Amino acid sequence: MSTPYYHAIGKEVQVFEHAYKCKIPFLLKGPTGTGKSRFIEFMAHKLETKLITISCHEETSSTDLIGRFIIKGAETIWLDGPLTTAVKEGHIIYLDEIAEARPDVIVAIHSLTDHRRELFIDKLGETVKAHKNFMLVASFNPGYQRGFKELKPSTRQRFVAVSFAYPEAKLEAEILVSETGIEKDTAKKLVNIATKIRNLTELGLTETVSTRLLVDAAKLIHIGLSKRLAVHVAVIEPLTDDLEVIQALKDLSDLMI
C-alpha cells in the first residue's frame, strides 16, 4: 500500500510519534477538511500499525464501540466492537468527531485515557488491559460558528492536543497540485477563492471552504469540467442552501477564476 499523501504544517508528526511511544491519547482539533483524518492515515502507515476509524455521530453509543451479544443459530455469542478489538490487538483507533457521540462513549473511554489504560466491558463484567501498542486518537471541531458540541475540559485534558488549520496559501496550492495534478496557476486561483470566502465571516456559514472541497474542485477541473462549474458544484453548493448566498459566492468566484 502506498503512503497516504500528507504535507506537515508544523511539528505534528514529531509530536504524534512521541505521544505514540509514551502511549498518551492524541486529540486533533480543527475545522472540517483540514487534513486531520489524512494525517492519522499517514501516521498509521508511517508507524506500520493498523488503523480503525469510527466516524462518530449523535447515535454512536458505547455499545457500538465496545461490542454486543448477537444471536447466531441457536446460541447467543459475544461480538467485540472496534474499540475492544483495537484494545486487545494493539491498533490505533481514531474516533472522528468524538464530541458528536453520545455521552456514554466519553465515559467508556475514560479508563483508557489515564494511567489505567484499560477497558471495562460492562455486559461481560470484564476489564481488558490495553495492548502495549494500543493508542486512542480522537478529533473534534471546536466550531467555525456557534452551535457545535464541545468537549468538556475534563475530557480534553486527558489528551495531547494539536490544532489543525487551513494551510498557508502557497502550501495549500502545492497540496492541490500534488493531490490532483492540476496546473499551478489554477491551484492558486482556487486557493484565492477559498481565502476570500473564509474571510467573509458576515455570511454566517456553519462551515467554510475546506482544503478537501478545493481538492474535489481541482479533480473535476483536471479531468475536463469547466473551472467555474467545478467551483460552483464542489466548493459553493456544499457550503449553504441559502440561494442568495450561493448566488453571491458564485458571482464572486466567477470573477476570480
# chains A, B, ... in the order shown; residues from 1 in each chain; ligands from 1

call {"tool": "select_by_dssp", "arguments": {"residues": "region 60-239 of chain A", "states": "strand (DSSP E)", "output": "PDB file with all heavy atoms, in the first residue's frame"}}
result
ATOM      1  N   GLY A  67     -18.986  -3.524  21.955  1.00  0.00           N
ATOM      2  CA  GLY A  67     -19.451  -4.818  21.473  1.00  0.00           C
ATOM      3  C   GLY A  67     -20.842  -5.147  21.973  1.00  0.00           C
ATOM      4  O   GLY A  67     -21.418  -4.428  22.788  1.00  0.00           O
ATOM      5  N   ARG A  68     -21.380  -6.270  21.500  1.00  0.00           N
ATOM      6  CA  ARG A  68     -22.741  -6.665  21.870  1.00  0.00           C
ATOM      7  C   ARG A  68     -22.915  -8.168  21.699  1.00  0.00           C
ATOM      8  O   ARG A  68     -22.138  -8.830  21.014  1.00  0.00           O
ATOM      9  CB  ARG A  68     -23.765  -5.919  21.021  1.00  0.00           C
ATOM     10  CG  ARG A  68     -23.497  -6.030  19.522  1.00  0.00           C
ATOM     11  CD  ARG A  68     -24.647  -5.497  18.665  1.00  0.00           C
ATOM     12  NE  ARG A  68     -25.128  -4.206  19.036  1.00  0.00           N
ATOM     13  CZ  ARG A  68     -24.694  -3.046  18.545  1.00  0.00           C
ATOM     14  NH1 ARG A  68     -23.692  -3.051  17.657  1.00  0.00           N
ATOM     15  NH2 ARG A  68     -25.231  -1.907  18.918  1.00  0.00           N
ATOM     16  N   PHE A  69     -23.950  -8.676  22.343  1.00  0.00           N
ATOM     17  CA  PHE A  69     -24.336 -10.067  22.142  1.00  0.00           C
ATOM     18  C   PHE A  69     -25.176 -10.165  20.868  1.00  0.00           C
ATOM     19  O   PHE A  69     -26.022  -9.321  20.608  1.00  0.00           O
ATOM     20  CB  PHE A  69     -25.157 -10.589  23.330  1.00  0.00           C
ATOM     21  CG  PHE A  69     -24.344 -10.861  24.563  1.00  0.00           C
ATOM     22  CD1 PHE A  69     -24.384 -10.005  25.648  1.00  0.00           C
ATOM     23  CD2 PHE A  69     -23.522 -11.988  24.626  1.00  0.00           C
ATOM     24  CE1 PHE A  69     -23.634 -10.258  26.792  1.00  0.00           C
ATOM     25  CE2 PHE A  69     -22.768 -12.251  25.762  1.00  0.00           C
ATOM     26  CZ  PHE A  69     -22.816 -11.389  26.847  1.00  0.00           C
ATOM     27  N   ILE A  70     -24.914 -11.194  20.085  1.00  0.00           N
ATOM     28  CA  ILE A  70     -25.717 -11.430  18.891  1.00  0.00           C
ATOM     29  C   ILE A  70     -26.194 -12.889  18.891  1.00  0.00           C
ATOM     30  O   ILE A  70     -25.574 -13.746  19.518  1.00  0.00           O
ATOM     31  CB  ILE A  70     -24.948 -11.127  17.586  1.00  0.00           C
ATOM     32  CG1 ILE A  70     -23.741 -12.068  17.440  1.00  0.00           C
ATOM     33  CG2 ILE A  70     -24.518  -9.680  17.514  1.00  0.00           C
ATOM     34  CD1 ILE A  70     -23.094 -12.024  16.063  1.00  0.00           C
ATOM     35  N   ILE A  71     -27.299 -13.122  18.212  1.00  0.00           N
ATOM     36  CA  ILE A  71     -27.817 -14.484  18.107  1.00  0.00           C
ATOM     37  C   ILE A  71     -27.281 -15.108  16.827  1.00  0.00           C
ATOM     38  O   ILE A  71     -27.434 -14.563  15.732  1.00  0.00           O
ATOM     39  CB  ILE A  71     -29.360 -14.480  18.097  1.00  0.00           C
ATOM     40  CG1 ILE A  71     -29.894 -13.929  19.423  1.00  0.00           C
ATOM     41  CG2 ILE A  71     -29.896 -15.897  17.851  1.00  0.00           C
ATOM     42  CD1 ILE A  71     -31.393 -13.735  19.457  1.00  0.00           C
ATOM     43  N   LYS A  72     -26.622 -16.256  16.982  1.00  0.00           N
ATOM     44  CA  LYS A  72     -26.065 -16.973  15.840  1.00  0.00           C
ATOM     45  C   LYS A  72     -26.566 -18.409  15.906  1.00  0.00           C
ATOM     46  O   LYS A  72     -26.137 -19.177  16.767  1.00  0.00           O
ATOM     47  CB  LYS A  72     -24.541 -16.918  15.873  1.00  0.00           C
ATOM     48  CG  LYS A  72     -23.893 -17.440  14.603  1.00  0.00           C
ATOM     49  CD  LYS A  72     -22.400 -17.216  14.617  1.00  0.00           C
ATOM     50  CE  LYS A  72     -21.772 -17.668  13.299  1.00  0.00           C
ATOM     51  NZ  LYS A  72     -20.300 -17.470  13.307  1.00  0.00           N
ATOM     52  N   GLU A  75     -27.507 -20.200  19.381  1.00  0.00           N
ATOM     53  CA  GLU A  75     -26.781 -19.694  20.549  1.00  0.00           C
ATOM     54  C   GLU A  75     -26.587 -18.183  20.499  1.00  0.00           C
ATOM     55  O   GLU A  75     -26.685 -17.560  19.441  1.00  0.00           O
ATOM     56  CB  GLU A  75     -25.424 -20.394  20.676  1.00  0.00           C
ATOM     57  CG  GLU A  75     -24.526 -20.227  19.464  1.00  0.00           C
ATOM     58  CD  GLU A  75     -23.201 -20.954  19.615  1.00  0.00           C
ATOM     59  OE1 GLU A  75     -22.861 -21.324  20.756  1.00  0.00           O
ATOM     60  OE2 GLU A  75     -22.505 -21.129  18.605  1.00  0.00           O
ATOM     61  N   THR A  76     -26.326 -17.649  21.658  1.00  0.00           N
ATOM     62  CA  THR A  76     -26.029 -16.218  21.787  1.00  0.00           C
ATOM     63  C   THR A  76     -24.534 -16.064  22.016  1.00  0.00           C
ATOM     64  O   THR A  76     -23.973 -16.668  22.939  1.00  0.00           O
ATOM     65  CB  THR A  76     -26.800 -15.599  22.968  1.00  0.00           C
ATOM     66  OG1 THR A  76     -28.205 -15.785  22.763  1.00  0.00           O
ATOM     67  CG2 THR A  76     -26.510 -14.113  23.084  1.00  0.00           C
ATOM     68  N   ILE A  77     -23.878 -15.295  21.156  1.00  0.00           N
ATOM     69  CA  ILE A  77     -22.429 -15.117  21.294  1.00  0.00           C
ATOM     70  C   ILE A  77     -22.082 -13.638  21.421  1.00  0.00           C
ATOM     71  O   ILE A  77     -22.848 -12.766  21.022  1.00  0.00           O
ATOM     72  CB  ILE A  77     -21.667 -15.726  20.097  1.00  0.00           C
ATOM     73  CG1 ILE A  77     -22.064 -15.010  18.782  1.00  0.00           C
ATOM     74  CG2 ILE A  77     -21.921 -17.217  19.994  1.00  0.00           C
ATOM     75  CD1 ILE A  77     -21.209 -15.414  17.604  1.00  0.00           C
ATOM     76  N   TRP A  78     -20.925 -13.384  21.990  1.00  0.00           N
ATOM     77  CA  TRP A  78     -20.435 -12.021  22.152  1.00  0.00           C
ATOM     78  C   TRP A  78     -19.602 -11.623  20.946  1.00  0.00           C
ATOM     79  O   TRP A  78     -18.758 -12.387  20.477  1.00  0.00           O
ATOM     80  CB  TRP A  78     -19.590 -11.896  23.418  1.00  0.00           C
ATOM     81  CG  TRP A  78     -18.912 -10.558  23.552  1.00  0.00           C
ATOM     82  CD1 TRP A  78     -17.618 -10.241  23.266  1.00  0.00           C
ATOM     83  CD2 TRP A  78     -19.515  -9.333  23.999  1.00  0.00           C
ATOM     84  NE1 TRP A  78     -17.369  -8.913  23.491  1.00  0.00           N
ATOM     85  CE2 TRP A  78     -18.514  -8.326  23.944  1.00  0.00           C
ATOM     86  CE3 TRP A  78     -20.803  -9.001  24.432  1.00  0.00           C
ATOM     87  CZ2 TRP A  78     -18.770  -7.014  24.323  1.00  0.00           C
ATOM     88  CZ3 TRP A  78     -21.045  -7.676  24.798  1.00  0.00           C
ATOM     89  CH2 TRP A  78     -20.041  -6.700  24.745  1.00  0.00           C
ATOM     90  N   LEU A  79     -19.830 -10.423  20.457  1.00  0.00           N
ATOM     91  CA  LEU A  79     -19.066  -9.901  19.322  1.00  0.00           C
ATOM     92  C   LEU A  79     -18.352  -8.626  19.752  1.00  0.00           C
ATOM     93  O   LEU A  79     -18.995  -7.637  20.117  1.00  0.00           O
ATOM     94  CB  LEU A  79     -20.005  -9.616  18.146  1.00  0.00           C
ATOM     95  CG  LEU A  79     -19.353  -9.206  16.823  1.00  0.00           C
ATOM     96  CD1 LEU A  79     -18.538 -10.367  16.257  1.00  0.00           C
ATOM     97  CD2 LEU A  79     -20.420  -8.763  15.822  1.00  0.00           C
ATOM     98  N   ASP A  80     -17.016  -8.650  19.730  1.00  0.00           N
ATOM     99  CA  ASP A  80     -16.243  -7.460  20.100  1.00  0.00           C
ATOM    100  C   ASP A  80     -16.527  -6.317  19.136  1.00  0.00           C
ATOM    101  O   ASP A  80     -16.630  -6.519  17.925  1.00  0.00           O
ATOM    102  CB  ASP A  80     -14.737  -7.749  20.062  1.00  0.00           C
ATOM    103  CG  ASP A  80     -14.247  -8.512  21.277  1.00  0.00           C
ATOM    104  OD1 ASP A  80     -14.954  -8.508  22.297  1.00  0.00           O
ATOM    105  OD2 ASP A  80     -13.150  -9.103  21.202  1.00  0.00           O
ATOM    106  N   ILE A  92      -4.302   1.422  16.434  1.00  0.00           N
ATOM    107  CA  ILE A  92      -4.714   2.806  16.672  1.00  0.00           C
ATOM    108  C   ILE A  92      -6.205   2.884  16.364  1.00  0.00           C
ATOM    109  O   ILE A  92      -6.642   2.440  15.305  1.00  0.00           O
ATOM    110  CB  ILE A  92      -3.962   3.794  15.764  1.00  0.00           C
ATOM    111  CG1 ILE A  92      -2.466   3.822  16.101  1.00  0.00           C
ATOM    112  CG2 ILE A  92      -4.549   5.208  15.907  1.00  0.00           C
ATOM    113  CD1 ILE A  92      -1.642   4.698  15.159  1.00  0.00           C
ATOM    114  N   ILE A  93      -6.995   3.416  17.293  1.00  0.00           N
ATOM    115  CA  ILE A  93      -8.404   3.665  16.983  1.00  0.00           C
ATOM    116  C   ILE A  93      -8.611   5.171  16.917  1.00  0.00           C
ATOM    117  O   ILE A  93      -8.121   5.912  17.774  1.00  0.00           O
ATOM    118  CB  ILE A  93      -9.371   3.018  17.993  1.00  0.00           C
ATOM    119  CG1 ILE A  93     -10.823   3.154  17.479  1.00  0.00           C
ATOM    120  CG2 ILE A  93      -9.217   3.598  19.395  1.00  0.00           C
ATOM    121  CD1 ILE A  93     -11.797   2.174  18.068  1.00  0.00           C
ATOM    122  N   TYR A  94      -9.273   5.596  15.860  1.00  0.00           N
ATOM    123  CA  TYR A  94      -9.484   7.018  15.618  1.00  0.00           C
ATOM    124  C   TYR A  94     -10.977   7.322  15.693  1.00  0.00           C
ATOM    125  O   TYR A  94     -11.759   6.859  14.867  1.00  0.00           O
ATOM    126  CB  TYR A  94      -8.932   7.385  14.238  1.00  0.00           C
ATOM    127  CG  TYR A  94      -9.206   8.796  13.780  1.00  0.00           C
ATOM    128  CD1 TYR A  94      -9.054   9.881  14.656  1.00  0.00           C
ATOM    129  CD2 TYR A  94      -9.592   9.055  12.468  1.00  0.00           C
ATOM    130  CE1 TYR A  94      -9.298  11.167  14.230  1.00  0.00           C
ATOM    131  CE2 TYR A  94      -9.824  10.353  12.032  1.00  0.00           C
ATOM    132  CZ  TYR A  94      -9.679  11.397  12.912  1.00  0.00           C
ATOM    133  OH  TYR A  94      -9.926  12.678  12.487  1.00  0.00           O
ATOM    134  N   LEU A  95     -11.365   8.068  16.731  1.00  0.00           N
ATOM    135  CA  LEU A  95     -12.763   8.461  16.917  1.00  0.00           C
ATOM    136  C   LEU A  95     -12.944   9.853  16.318  1.00  0.00           C
ATOM    137  O   LEU A  95     -12.662  10.872  16.950  1.00  0.00           O
ATOM    138  CB  LEU A  95     -13.128   8.442  18.406  1.00  0.00           C
ATOM    139  CG  LEU A  95     -12.892   7.110  19.134  1.00  0.00           C
ATOM    140  CD1 LEU A  95     -13.262   7.234  20.605  1.00  0.00           C
ATOM    141  CD2 LEU A  95     -13.681   5.977  18.475  1.00  0.00           C
ATOM    142  N   ASP A  96     -13.393   9.882  15.085  1.00  0.00           N
ATOM    143  CA  ASP A  96     -13.540  11.138  14.346  1.00  0.00           C
ATOM    144  C   ASP A  96     -14.795  11.872  14.816  1.00  0.00           C
ATOM    145  O   ASP A  96     -15.872  11.284  14.881  1.00  0.00           O
ATOM    146  CB  ASP A  96     -13.623  10.820  12.850  1.00  0.00           C
ATOM    147  CG  ASP A  96     -13.548  12.056  11.985  1.00  0.00           C
ATOM    148  OD1 ASP A  96     -13.108  13.106  12.482  1.00  0.00           O
ATOM    149  OD2 ASP A  96     -13.950  11.965  10.807  1.00  0.00           O
ATOM    150  N   GLU A 118      -7.171   0.730  30.472  1.00  0.00           N
ATOM    151  CA  GLU A 118      -7.994  -0.476  30.479  1.00  0.00           C
ATOM    152  C   GLU A 118      -9.414  -0.149  30.057  1.00  0.00           C
ATOM    153  O   GLU A 118      -9.863   0.995  30.150  1.00  0.00           O
ATOM    154  CB  GLU A 118      -7.981  -1.137  31.864  1.00  0.00           C
ATOM    155  CG  GLU A 118      -8.537  -0.269  32.972  1.00  0.00           C
ATOM    156  CD  GLU A 118      -8.379  -0.882  34.356  1.00  0.00           C
ATOM    157  OE1 GLU A 118      -7.407  -1.645  34.555  1.00  0.00           O
ATOM    158  OE2 GLU A 118      -9.219  -0.585  35.235  1.00  0.00           O
ATOM    159  N   LEU A 119     -10.101  -1.164  29.565  1.00  0.00           N
ATOM    160  CA  LEU A 119     -11.480  -1.013  29.095  1.00  0.00           C
ATOM    161  C   LEU A 119     -12.379  -1.951  29.886  1.00  0.00           C
ATOM    162  O   LEU A 119     -12.126  -3.154  29.945  1.00  0.00           O
ATOM    163  CB  LEU A 119     -11.568  -1.345  27.604  1.00  0.00           C
ATOM    164  CG  LEU A 119     -12.976  -1.332  26.976  1.00  0.00           C
ATOM    165  CD1 LEU A 119     -13.544   0.083  26.980  1.00  0.00           C
ATOM    166  CD2 LEU A 119     -12.929  -1.892  25.555  1.00  0.00           C
ATOM    167  N   PHE A 120     -13.412  -1.374  30.499  1.00  0.00           N
ATOM    168  CA  PHE A 120     -14.371  -2.197  31.232  1.00  0.00           C
ATOM    169  C   PHE A 120     -15.531  -2.553  30.319  1.00  0.00           C
ATOM    170  O   PHE A 120     -16.175  -1.680  29.742  1.00  0.00           O
ATOM    171  CB  PHE A 120     -14.897  -1.455  32.468  1.00  0.00           C
ATOM    172  CG  PHE A 120     -15.914  -2.238  33.255  1.00  0.00           C
ATOM    173  CD1 PHE A 120     -15.569  -3.452  33.839  1.00  0.00           C
ATOM    174  CD2 PHE A 120     -17.216  -1.781  33.384  1.00  0.00           C
ATOM    175  CE1 PHE A 120     -16.504  -4.199  34.550  1.00  0.00           C
ATOM    176  CE2 PHE A 120     -18.162  -2.508  34.107  1.00  0.00           C
ATOM    177  CZ  PHE A 120     -17.799  -3.723  34.683  1.00  0.00           C
ATOM    178  N   ILE A 121     -15.763  -3.864  30.162  1.00  0.00           N
ATOM    179  CA  ILE A 121     -16.874  -4.340  29.341  1.00  0.00           C
ATOM    180  C   ILE A 121     -18.002  -4.713  30.282  1.00  0.00           C
ATOM    181  O   ILE A 121     -18.029  -5.808  30.857  1.00  0.00           O
ATOM    182  CB  ILE A 121     -16.446  -5.541  28.476  1.00  0.00           C
ATOM    183  CG1 ILE A 121     -15.229  -5.161  27.614  1.00  0.00           C
ATOM    184  CG2 ILE A 121     -17.599  -5.995  27.581  1.00  0.00           C
ATOM    185  CD1 ILE A 121     -14.685  -6.304  26.780  1.00  0.00           C
ATOM    186  N   GLU A 126     -16.145  -7.750  32.562  1.00  0.00           N
ATOM    187  CA  GLU A 126     -14.703  -7.960  32.393  1.00  0.00           C
ATOM    188  C   GLU A 126     -13.968  -6.640  32.189  1.00  0.00           C
ATOM    189  O   GLU A 126     -14.521  -5.671  31.665  1.00  0.00           O
ATOM    190  CB  GLU A 126     -14.430  -8.852  31.169  1.00  0.00           C
ATOM    191  CG  GLU A 126     -14.907 -10.277  31.291  1.00  0.00           C
ATOM    192  CD  GLU A 126     -14.609 -11.068  30.015  1.00  0.00           C
ATOM    193  OE1 GLU A 126     -13.926 -10.528  29.118  1.00  0.00           O
ATOM    194  OE2 GLU A 126     -15.069 -12.218  29.919  1.00  0.00           O
ATOM    195  N   THR A 127     -12.708  -6.633  32.615  1.00  0.00           N
ATOM    196  CA  THR A 127     -11.834  -5.499  32.364  1.00  0.00           C
ATOM    197  C   THR A 127     -10.671  -5.975  31.496  1.00  0.00           C
ATOM    198  O   THR A 127     -10.012  -6.961  31.828  1.00  0.00           O
ATOM    199  CB  THR A 127     -11.282  -4.903  33.676  1.00  0.00           C
ATOM    200  OG1 THR A 127     -12.382  -4.414  34.464  1.00  0.00           O
ATOM    201  CG2 THR A 127     -10.339  -3.739  33.387  1.00  0.00           C
ATOM    202  N   VAL A 128     -10.462  -5.282  30.380  1.00  0.00           N
ATOM    203  CA  VAL A 128      -9.406  -5.670  29.440  1.00  0.00           C
ATOM    204  C   VAL A 128      -8.272  -4.647  29.501  1.00  0.00           C
ATOM    205  O   VAL A 128      -8.507  -3.445  29.322  1.00  0.00           O
ATOM    206  CB  VAL A 128      -9.950  -5.744  27.996  1.00  0.00           C
ATOM    207  CG1 VAL A 128      -8.840  -6.150  27.033  1.00  0.00           C
ATOM    208  CG2 VAL A 128     -11.126  -6.696  27.905  1.00  0.00           C
ATOM    209  N   LYS A 129      -7.067  -5.115  29.769  1.00  0.00           N
ATOM    210  CA  LYS A 129      -5.899  -4.241  29.758  1.00  0.00           C
ATOM    211  C   LYS A 129      -5.482  -3.978  28.319  1.00  0.00           C
ATOM    212  O   LYS A 129      -5.442  -4.896  27.486  1.00  0.00           O
ATOM    213  CB  LYS A 129      -4.733  -4.894  30.522  1.00  0.00           C
ATOM    214  CG  LYS A 129      -4.881  -4.850  32.037  1.00  0.00           C
ATOM    215  CD  LYS A 129      -4.586  -3.445  32.557  1.00  0.00           C
ATOM    216  CE  LYS A 129      -4.599  -3.411  34.082  1.00  0.00           C
ATOM    217  NZ  LYS A 129      -4.378  -2.020  34.584  1.00  0.00           N
ATOM    218  N   MET A 135      -3.376   2.685  20.852  1.00  0.00           N
ATOM    219  CA  MET A 135      -3.394   4.144  21.015  1.00  0.00           C
ATOM    220  C   MET A 135      -4.776   4.669  20.660  1.00  0.00           C
ATOM    221  O   MET A 135      -5.375   4.269  19.659  1.00  0.00           O
ATOM    222  CB  MET A 135      -2.359   4.822  20.137  1.00  0.00           C
ATOM    223  CG  MET A 135      -2.245   6.327  20.375  1.00  0.00           C
ATOM    224  SD  MET A 135      -0.941   7.074  19.401  1.00  0.00           S
ATOM    225  CE  MET A 135      -0.943   8.751  20.042  1.00  0.00           C
ATOM    226  N   LEU A 136      -5.258   5.578  21.493  1.00  0.00           N
ATOM    227  CA  LEU A 136      -6.553   6.217  21.262  1.00  0.00           C
ATOM    228  C   LEU A 136      -6.333   7.605  20.674  1.00  0.00           C
ATOM    229  O   LEU A 136      -5.600   8.423  21.240  1.00  0.00           O
ATOM    230  CB  LEU A 136      -7.329   6.329  22.576  1.00  0.00           C
ATOM    231  CG  LEU A 136      -8.675   7.059  22.510  1.00  0.00           C
ATOM    232  CD1 LEU A 136      -9.670   6.269  21.674  1.00  0.00           C
ATOM    233  CD2 LEU A 136      -9.237   7.261  23.914  1.00  0.00           C
ATOM    234  N   VAL A 137      -6.955   7.846  19.534  1.00  0.00           N
ATOM    235  CA  VAL A 137      -6.871   9.144  18.868  1.00  0.00           C
ATOM    236  C   VAL A 137      -8.298   9.631  18.632  1.00  0.00           C
ATOM    237  O   VAL A 137      -9.182   8.854  18.271  1.00  0.00           O
ATOM    238  CB  VAL A 137      -6.129   9.044  17.520  1.00  0.00           C
ATOM    239  CG1 VAL A 137      -6.061  10.413  16.836  1.00  0.00           C
ATOM    240  CG2 VAL A 137      -4.729   8.483  17.716  1.00  0.00           C
ATOM    241  N   ALA A 138      -8.523  10.904  18.848  1.00  0.00           N
ATOM    242  CA  ALA A 138      -9.858  11.470  18.621  1.00  0.00           C
ATOM    243  C   ALA A 138      -9.716  12.826  17.939  1.00  0.00           C
ATOM    244  O   ALA A 138      -8.659  13.464  17.990  1.00  0.00           O
ATOM    245  CB  ALA A 138     -10.607  11.620  19.947  1.00  0.00           C
ATOM    246  N   SER A 139     -10.791  13.263  17.301  1.00  0.00           N
ATOM    247  CA  SER A 139     -10.799  14.599  16.703  1.00  0.00           C
ATOM    248  C   SER A 139     -12.111  15.275  17.025  1.00  0.00           C
ATOM    249  O   SER A 139     -13.121  14.618  17.287  1.00  0.00           O
ATOM    250  CB  SER A 139     -10.622  14.522  15.182  1.00  0.00           C
ATOM    251  OG  SER A 139     -11.804  14.040  14.568  1.00  0.00           O
ATOM    252  N   PHE A 140     -12.073  16.595  17.039  1.00  0.00           N
ATOM    253  CA  PHE A 140     -13.331  17.329  17.119  1.00  0.00           C
ATOM    254  C   PHE A 140     -13.151  18.717  16.536  1.00  0.00           C
ATOM    255  O   PHE A 140     -12.046  19.238  16.424  1.00  0.00           O
ATOM    256  CB  PHE A 140     -13.873  17.346  18.551  1.00  0.00           C
ATOM    257  CG  PHE A 140     -13.472  18.530  19.402  1.00  0.00           C
ATOM    258  CD1 PHE A 140     -14.393  19.509  19.727  1.00  0.00           C
ATOM    259  CD2 PHE A 140     -12.181  18.639  19.907  1.00  0.00           C
ATOM    260  CE1 PHE A 140     -14.037  20.585  20.524  1.00  0.00           C
ATOM    261  CE2 PHE A 140     -11.815  19.705  20.710  1.00  0.00           C
ATOM    262  CZ  PHE A 140     -12.749  20.681  21.012  1.00  0.00           C
ATOM    263  N   VAL A 160      -3.012  14.659  24.628  1.00  0.00           N
ATOM    264  CA  VAL A 160      -2.106  15.605  23.999  1.00  0.00           C
ATOM    265  C   VAL A 160      -2.891  16.166  22.815  1.00  0.00           C
ATOM    266  O   VAL A 160      -3.509  15.402  22.070  1.00  0.00           O
ATOM    267  CB  VAL A 160      -0.822  14.904  23.492  1.00  0.00           C
ATOM    268  CG1 VAL A 160      -0.044  15.817  22.558  1.00  0.00           C
ATOM    269  CG2 VAL A 160       0.051  14.481  24.651  1.00  0.00           C
ATOM    270  N   ALA A 161      -2.901  17.477  22.638  1.00  0.00           N
ATOM    271  CA  ALA A 161      -3.747  18.062  21.597  1.00  0.00           C
ATOM    272  C   ALA A 161      -2.944  18.896  20.607  1.00  0.00           C
ATOM    273  O   ALA A 161      -2.001  19.599  20.976  1.00  0.00           O
ATOM    274  CB  ALA A 161      -4.836  18.929  22.237  1.00  0.00           C
ATOM    275  N   VAL A 162      -3.335  18.792  19.346  1.00  0.00           N
ATOM    276  CA  VAL A 162      -2.724  19.589  18.277  1.00  0.00           C
ATOM    277  C   VAL A 162      -3.840  20.241  17.474  1.00  0.00           C
ATOM    278  O   VAL A 162      -4.825  19.578  17.119  1.00  0.00           O
ATOM    279  CB  VAL A 162      -1.850  18.712  17.353  1.00  0.00           C
ATOM    280  CG1 VAL A 162      -1.403  19.500  16.123  1.00  0.00           C
ATOM    281  CG2 VAL A 162      -0.634  18.182  18.099  1.00  0.00           C
ATOM    282  N   SER A 163      -3.703  21.524  17.208  1.00  0.00           N
ATOM    283  CA  SER A 163      -4.701  22.251  16.419  1.00  0.00           C
ATOM    284  C   SER A 163      -4.341  22.207  14.941  1.00  0.00           C
ATOM    285  O   SER A 163      -3.187  22.440  14.560  1.00  0.00           O
ATOM    286  CB  SER A 163      -4.777  23.714  16.883  1.00  0.00           C
ATOM    287  OG  SER A 163      -5.324  23.801  18.171  1.00  0.00           O
TER     288      SER A 163
END

call {"tool": "residues_around", "arguments": {"residues": "Lys196 (chain A)", "least_positions_apart": "4", "cutoff": "12 Å", "atoms": "only C-alpha atoms", "output": "number ranges by chain"}}
result
A: 169, 189-192, 200-201, 203, 208-209, 249, 252-253, 255-256

call {"tool": "write_last_selection", "arguments": {"atoms": "N, CA and C atoms", "output": "JSON list (two decimals), in the first residue's frame"}}
result
[["chain", "number", "residue", "atom", "x", "y", "z"],
["A", 169, "ALA", "N", -1.44, 29.88, 1.99],
["A", 169, "ALA", "CA", -1.85, 29.82, 0.58],
["A", 169, "ALA", "C", -0.87, 29.04, -0.31],
["A", 189, "LYS", "N", -5.53, 30.06, -7.99],
["A", 189, "LYS", "CA", -6.82, 30.74, -8.09],
["A", 189, "LYS", "C", -7.86, 30.10, -7.17],
["A", 190, "LEU", "N", -7.85, 28.77, -7.09],
["A", 190, "LEU", "CA", -8.77, 28.08, -6.19],
["A", 190, "LEU", "C", -8.51, 28.47, -4.74],
["A", 191, "VAL", "N", -7.24, 28.53, -4.39],
["A", 191, "VAL", "CA", -6.87, 28.92, -3.01],
["A", 191, "VAL", "C", -7.27, 30.36, -2.73],
["A", 192, "ASN", "N", -7.12, 31.23, -3.72],
["A", 192, "ASN", "CA", -7.51, 32.63, -3.55],
["A", 192, "ASN", "C", -9.02, 32.75, -3.30],
["A", 200, "LEU", "N", -15.09, 36.00, 4.71],
["A", 200, "LEU", "CA", -16.44, 36.59, 4.68],
["A", 200, "LEU", "C", -17.26, 36.08, 5.87],
["A", 201, "THR", "N", -16.83, 36.41, 7.05],
["A", 201, "THR", "CA", -17.50, 35.90, 8.27],
["A", 201, "THR", "C", -18.93, 36.41, 8.42],
["A", 203, "LEU", "N", -21.25, 36.25, 6.41],
["A", 203, "LEU", "CA", -22.22, 35.38, 5.76],
["A", 203, "LEU", "C", -22.83, 34.37, 6.73],
["A", 208, "THR", "N", -16.73, 26.70, 6.58],
["A", 208, "THR", "CA", -16.17, 27.48, 5.48],
["A", 208, "THR", "C", -15.52, 26.54, 4.47],
["A", 209, "VAL", "N", -14.81, 27.10, 3.51],
["A", 209, "VAL", "CA", -14.21, 26.29, 2.44],
["A", 209, "VAL", "C", -13.05, 25.48, 2.99],
["A", 249, "LEU", "N", -21.79, 34.05, -3.86],
["A", 249, "LEU", "CA", -20.49, 33.36, -3.90],
["A", 249, "LEU", "C", -20.14, 32.91, -5.32],
["A", 252, "LEU", "N", -18.85, 35.97, -7.05],
["A", 252, "LEU", "CA", -17.51, 36.27, -6.55],
["A", 252, "LEU", "C", -16.48, 35.35, -7.18],
["A", 253, "SER", "N", -16.77, 34.05, -7.18],
["A", 253, "SER", "CA", -15.79, 33.07, -7.70],
["A", 253, "SER", "C", -15.60, 33.21, -9.20],
["A", 255, "LEU", "N", -15.51, 35.83, -10.89],
["A", 255, "LEU", "CA", -14.58, 36.94, -11.14],
["A", 255, "LEU", "C", -13.14, 36.57, -10.87],
["A", 256, "MET", "N", -12.94, 35.47, -10.12],
["A", 256, "MET", "CA", -11.61, 35.12, -9.66],
["A", 256, "MET", "C", -10.99, 33.93, -10.39]]

call {"tool": "residues_around", "arguments": {"residues": "region 218-225 of chain A", "least_positions_apart": "2", "cutoff": "9 Å", "atoms": "only C-alpha atoms", "output": "list in words"}}
result
Leu176, Val177, Glu179, Thr180, Gly181, Ile182, Glu183, Thr186, Ala187, Leu190, Leu213, Leu214, Val215, Asp216, Lys227, Arg228, Leu229, Ala230, Val231 and Ala234 of chain A

call {"tool": "residues_around", "arguments": {"residues": "Val87 (chain A)", "least_positions_apart": "5", "cutoff": "7 Å", "atoms": "only C-alpha atoms", "output": "number ranges by chain"}}
result
A: 130-131, 134

call {"tool": "atom_distance", "arguments": {"atom1": "CA of Lys88 (chain A)", "atom2": "CA of Ile109 (chain A)"}}
result
14.2 Å
